[in-house]
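Structure first, then comments.
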Amino acid sequence: MGQQQGAYFVPSKSHWPIVAAVVMFVTVFGAAHWLNAQPGEAGFGKTVLTVGFVGILLMFFGWFRSVIRESLAGSYNHQVDTSFRMGMMWFIFSEVMFFAAFFGALFYARMFSVPWLGGDGHGVLTHQFLWSDYAAAWGANGGGGPGKVGGDFQTVAAWGLPLLNTLILLSSSITVTIAHHALKAGHRGKILVFLGLTVLLGASFLYFQAHEYIEAYKELNLTLQSGVYGSTFFMLTGFHGMHVTLGTIMLAIIWLRCAKGHFTKDHHFGFEAVAWYWHFVDVVWLGLFMFVYIL
Amino acid sequence: MAHAATHDHHDDHHGAPSNFFTRWFMSTNHKDIGTLYLVFSLLMFFIGGSFAMVIRAELFKPGLQLVQPYFFNEMTTMHALVMIFGAVMPAFVGLGNWMIPLMIGAPDMALPRMNNLSFWILPFAFALLLSTLFLPGGGPAGGWTMYPPLSLQGDSVAYVVFAVHLMGISSIMGAINIIATILNMRAPGMDLLKMPVFVWSWLITAFLLIAVMPVLAGAVTMLLTDKYFGTSFFNAAGGGDPVLFQHIFWFFGHPEVYIMILPAFGLVSEIIPTFARKPIFGYKAMVYAIASIAFLSFIVWAHHMFAVGLPLGGEIFFMYATMLIAVPTGVKVFNWVSTMWGGSMTFETPMLFAVAFVILFTIGGFSGLMLALAPADFQYHDSYFVVAHFHYVLVTGAIFAIIAGSYYWLPKWTGHMYSEFWGKVHFWNSVVWVNVLFFPQHFLGLAGMPRRIPDYNVAFANFNMISSIGGFLFGASQLIYVGVIIHAVWFSKKKAPDRVWEGAKGLEWTVPSPAPHHTFELPPVIHDDELAHGHVED
């Protein structure tokens with residue numbers, strides 16, 4: 001619990017931040033060890049990574065539990081609420097910039113590096129001296145680069161599963177908004193139905209994406225190693241998929257919290273933060289659908 | 001008056017907890033966390049400094065003297081990473097943590113637990129980074145810019161990438177906290193355009209941090225997958241391009257340069273008015289100049305890459321955009337000088353460092369203008385001229401401002417005056433030796449000495465020896481600084497008054513010295529004439 005100090009709420013001391021720092025360290029230390037293990041070497045990296053990851057999950061559980069308890073005890077006043085809102089907004093902005101780096105790589109590869117390797121531009125000698133027979137193209141006939149790294153591959157058709165997934169995510173944005181309006185109107189039954197629907201839509205998105213990945217690896221020979229096309233395709237859709245996973249878990253937790261009656265029509269920042277996050281994930285997908293799949 | 005609104009420290013009910021572990025590891029107090037940041041950054045300053053001593057010792061004479069070339073490269077790489085992410089940035093965050101709530105009349109940071117997490121990530125991140133020096137394959141040796149394919153050759157890539165991820169998470173959370181504090185926690189009457197320039201500089205810096213640290217995270221993630229998972233982002237055979245990394249890195253890197261200097265601008269803009277006993281000249285112009293520099297920082301990144309083979313249009317655009325930065329920076333330098341003009345100046349240690357900042361940072365700015373000229377940069381690129389340039393802006397710029405700020409507020413933090421005599425000894429030693437250290441490097445660079453080499457042509461011997469002597473003595477001078485701090489914290493008998501400096505204005509001087517564990521539990525009633533910028537002309 002925190003204390004009300006004068007006109008302000010200042011949270012009490014907590015062990016969760018230092019626990020968080022420790023488990024994050026354990027996780028990345030394990031991951032680094034694992035990545036550096038020689039082939040065939042047993043190594044302790046994987047074990048440490050697993051321990052760290054479980055630690056992170058427990059840390060989140062514990063930290064959020066104490067925050068939820070403080071919130072239910074009515075400790076959080078309007079000013080704290082505003083700080084939380086700003087925190088979430090700027091966090092989402094940082095996520096936007098993270099995706100911007102990968103979109104930047106995609107645009108650079110398509111607009112500059114692949115055409116230059118194909119002989120475009122002035123004074124670009126790589127084409128002339130190394131790969132004079134490479135004809136620049138994006139996708140199946142050139143996205144693997146002049147060295148055909150990863151072998152020949154086919155691309156995922158935009159108007160199949162990706163279109164379905166677009167419709168799924170767009171509908172989920174609508175259902176989460178309906179749930180929000182229901183929350184404001186105080187209709188708990190309606191909240192649970194539409195928020196539950198949102199969780200199901202998120203999960204089905206993930207199911208179809210997993211399906212698409214399996215098909216890409218098994219039938220199209222499109223892998224993470226398929227040149228810069230495969231790199232940008234899987235890193236962009238993969239990071240997006242991780243965000244959808246996280247968002248779906250968060251939505252499911254919010255569903256439980258709604259079922260337990262944690263939120264009132266005036267006091268439901270947790271709900272809104274997750275809804276904002278979900279819309280952000282949705283917008284990133286629209287960028288992906290446009291620039292990774294269609295164009 | 002604000003003083004009445006704070007508890008006097010002897011009847012403060014919410015004093016610091018006595019349990020050491022609880023107080024320092026589980027803190028939610030902005031002052032304690034600020035202290036942690038500052039102590040950490042001082043430690044990193046000496047670790048990074050010891051790497052610099054190795055570099056200067058190796059370069060004392062031509063020929064391989066002390067260390068193997070690979071170890072030398074590890075030293076240049078680690079020196080930069082430790083100084084940038086471990087010393088300069090945490091020092092600014094520490095100063096911001098300590099002073100922003102005091103300057104805007106807030107009880108604490110907006111998100112105090114996240115504040116503690118932001119700090120505690122750092123010791124782990126640097127343990128991870130520094131541990132690579134002891135790995136069988138050695139640490140990173142491809143330069144702090146981590147350009148592929150060179151940087152991908154070592155075995156330490158994963159460790160370095162994850163350490164950078166952790167530092168980025170810490171910086172982003174710290175920045176979010178600062179923005180939320182400034183926008184949400186100001187005392188009533190502390191309008192945005194009445195805030196101290198230091199607070200303004202941090203608000204804008206925090207925005208830069210949130211905008212670019214994730215881009216760095218993306219760039220190093222691509223390094224990671226290229227090295228371990230077979231992606232082709234930076235592999236030409238797979239359709240990628242090593243230059244792509246440079247673009248993404250410098251899209252982060254150039255705003256990062258301003259992340260390390262804008263808070264320094266803010267510090268100097270606090271100190272000069274105090275010791276000139278005049279309000280800052282052109283307060284609004286100072287704020288707008290910081291904002292303009294921040295905006296421009298996003299559209300100049302490729303000036304780090306003039307020699308990489310950019311299309312001509314790119315060279316020209318980035319050259320002119322870079323030169324534009326001289327305009328708002330010139331406004332700032334002009335305003336600092338105008339603030340001093342006609343003031344009743346005294347030269348206590350913080351003021352000495354601040355004045356040295358104005359002069360020496362401007363020298364760094366001028367060499368920056370020379371480097372901004374694309375055709376000239378073809379000659380200067382990757383030479384010691386570049387090394388001299390960025391050390392003038394970072395050492396005599398950022399670090400001098402941090403030292404100035406620490407002397408300025410040390411009495412407020414500790415409740416005791418530091419030794420003015422030893423402070424001045426520290427200053428004069430620093431300012432003389434730092435010039436002996438870095439000024440000859442301009443000549444070395446113009447004569448053609450490349451950076452990041454352990455051995456060099458005998459033609460460069462004399463200037464290198466002079467530079468190394470300056471380096472050792474500058475390094476040794478910083479031990480005086482530690483002595484002054486230790487004396488002020490534990491041994492000084494001279495009590496500091498609330499308003500430590502005669503000409504100081506602002507809310508931080510209305511609370512007792514040392515500042516009680518909790519301040520402004522009730523928002524202070526603000527009178528504009530107590531503020532440094534309470535009467536801004538429209």
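Ligands are numbered from 1 in the order shown, chains are lettered A, B, ... in the order of the structure tokens, and residues start at 1 in each chain.
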Task: Trp278 in chain A environment, 12 Å, only C-alpha atoms, sequence neighbours closer than 3 positions dropped, as a ChimeraX atom specification - done: /A:92,169-177,195,198-199,201-202,240,243-251,271-275,281-285
Open item on the list: Just want the 7 Å neighbourhood of Ala372 in chain B, counted on only C-alpha atoms, with same-chain residues fewer than 4 positions away dropped. Output as a ChimeraX atom specification.
Closed with: /B:303,319,322-323,368,377
Open item on the list: My list of candidates is B:Asn429, B:Ser151, B:Ser41, B:Gln478. Which is closest to Thr77 in chain B when distances are computed with only C-alpha atoms?
Closed with: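 The closest residue to Thr77 in chain B is B:Ser151.
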Which polymer residues have any atom within 7 Å of an atom of Gln154 in chain A, counting only C-alpha atoms, with same-chain residues fewer than 3 positions away left out, as a PDB file with C-alpha atoms, in the first residue's frame?
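Contents of around.pdb, as written:
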ATOM      1  CA  ALA A 140       9.789 -14.823 -55.056  1.00  0.00           C
ATOM      2  CA  LEU A 220       6.626 -22.354 -49.842  1.00  0.00           C
ATOM      3  CA  ASN A 221      10.173 -22.726 -48.507  1.00  0.00           C
ATOM      4  CA  LEU A 222       9.766 -19.185 -47.210  1.00  0.00           C
TER       5      LEU A 222
END
- [ ] Do a neighbour search on Cys258 in chain A at 12 Å with only C-alpha atoms, toss out local chain neighbours closer than 4 positions, and write the hits as a VMD selection string.
- [x] chain A and resid 179 to 180 182 to 183 186 to 196 251 to 254 262 to 265 267 to 268 270 to 271
- [ ] Within 8 Å of range 132-135 of chain B, counting only C-alpha atoms, which residues show up once you throw out same-chain ones fewer than 5 positions away? Write them as a list in words, please.
- [x]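 Contacts, with the query itself left out: Glu74, Pro140, Ser156, Tyr159 and Val160 of chain B.
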- [ ] Tell me which protein, DNA and RNA residues are within 8 Å of Met86 in chain A, counting only C-alpha atoms, leaving out same-chain ones fewer than 3 positions away, and put them as a ChimeraX atom specification.
- [x] /A:82-83,89-90 /B:176,180
TODO: Would you kindly report the residues of chain A within 6 Å of chain B, using only C-alpha atoms, as a ChimeraX atom specification?
DONE: /A:5-7,13-15,17,21,32,83,86-87,94,97-98,101,113-114,144-147,149,225,227-228,231
Open item on the list: Report, in Å to a single decimal, how far apart CA of Lys493 in chain B and CA of Val39 in chain B are.
Closed with: 22.1 Å
Task: CA of Gly534 in chain B to CA of Asn97 in chain B, straight-line distance in Å - done: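 Calculated distance between CA of Asn97 in chain B and CA of Gly534 in chain B is 22.7 Å.
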Open item on the list: Please list as number ranges by chain every residue within 9 Å of Phe234 in chain A, counting only C-alpha atoms and excluding residues in the same chain fewer than 6 positions away.
Closed with: A: 213, 223-224
TODO: Can you check which residues of range 16-67 of chain A DSSP gives as helix (DSSP H, G or I) on the backbone and send them as a count of residues only?
DONE: 44
- [ ] Just give me the gap between CA of Phe317 in chain B and CA of Leu296 in chain B in Å, one decimal is fine.
- [x]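 CA of Leu296 in chain B lies at a distance of 12.2 Å from CA of Phe317 in chain B.
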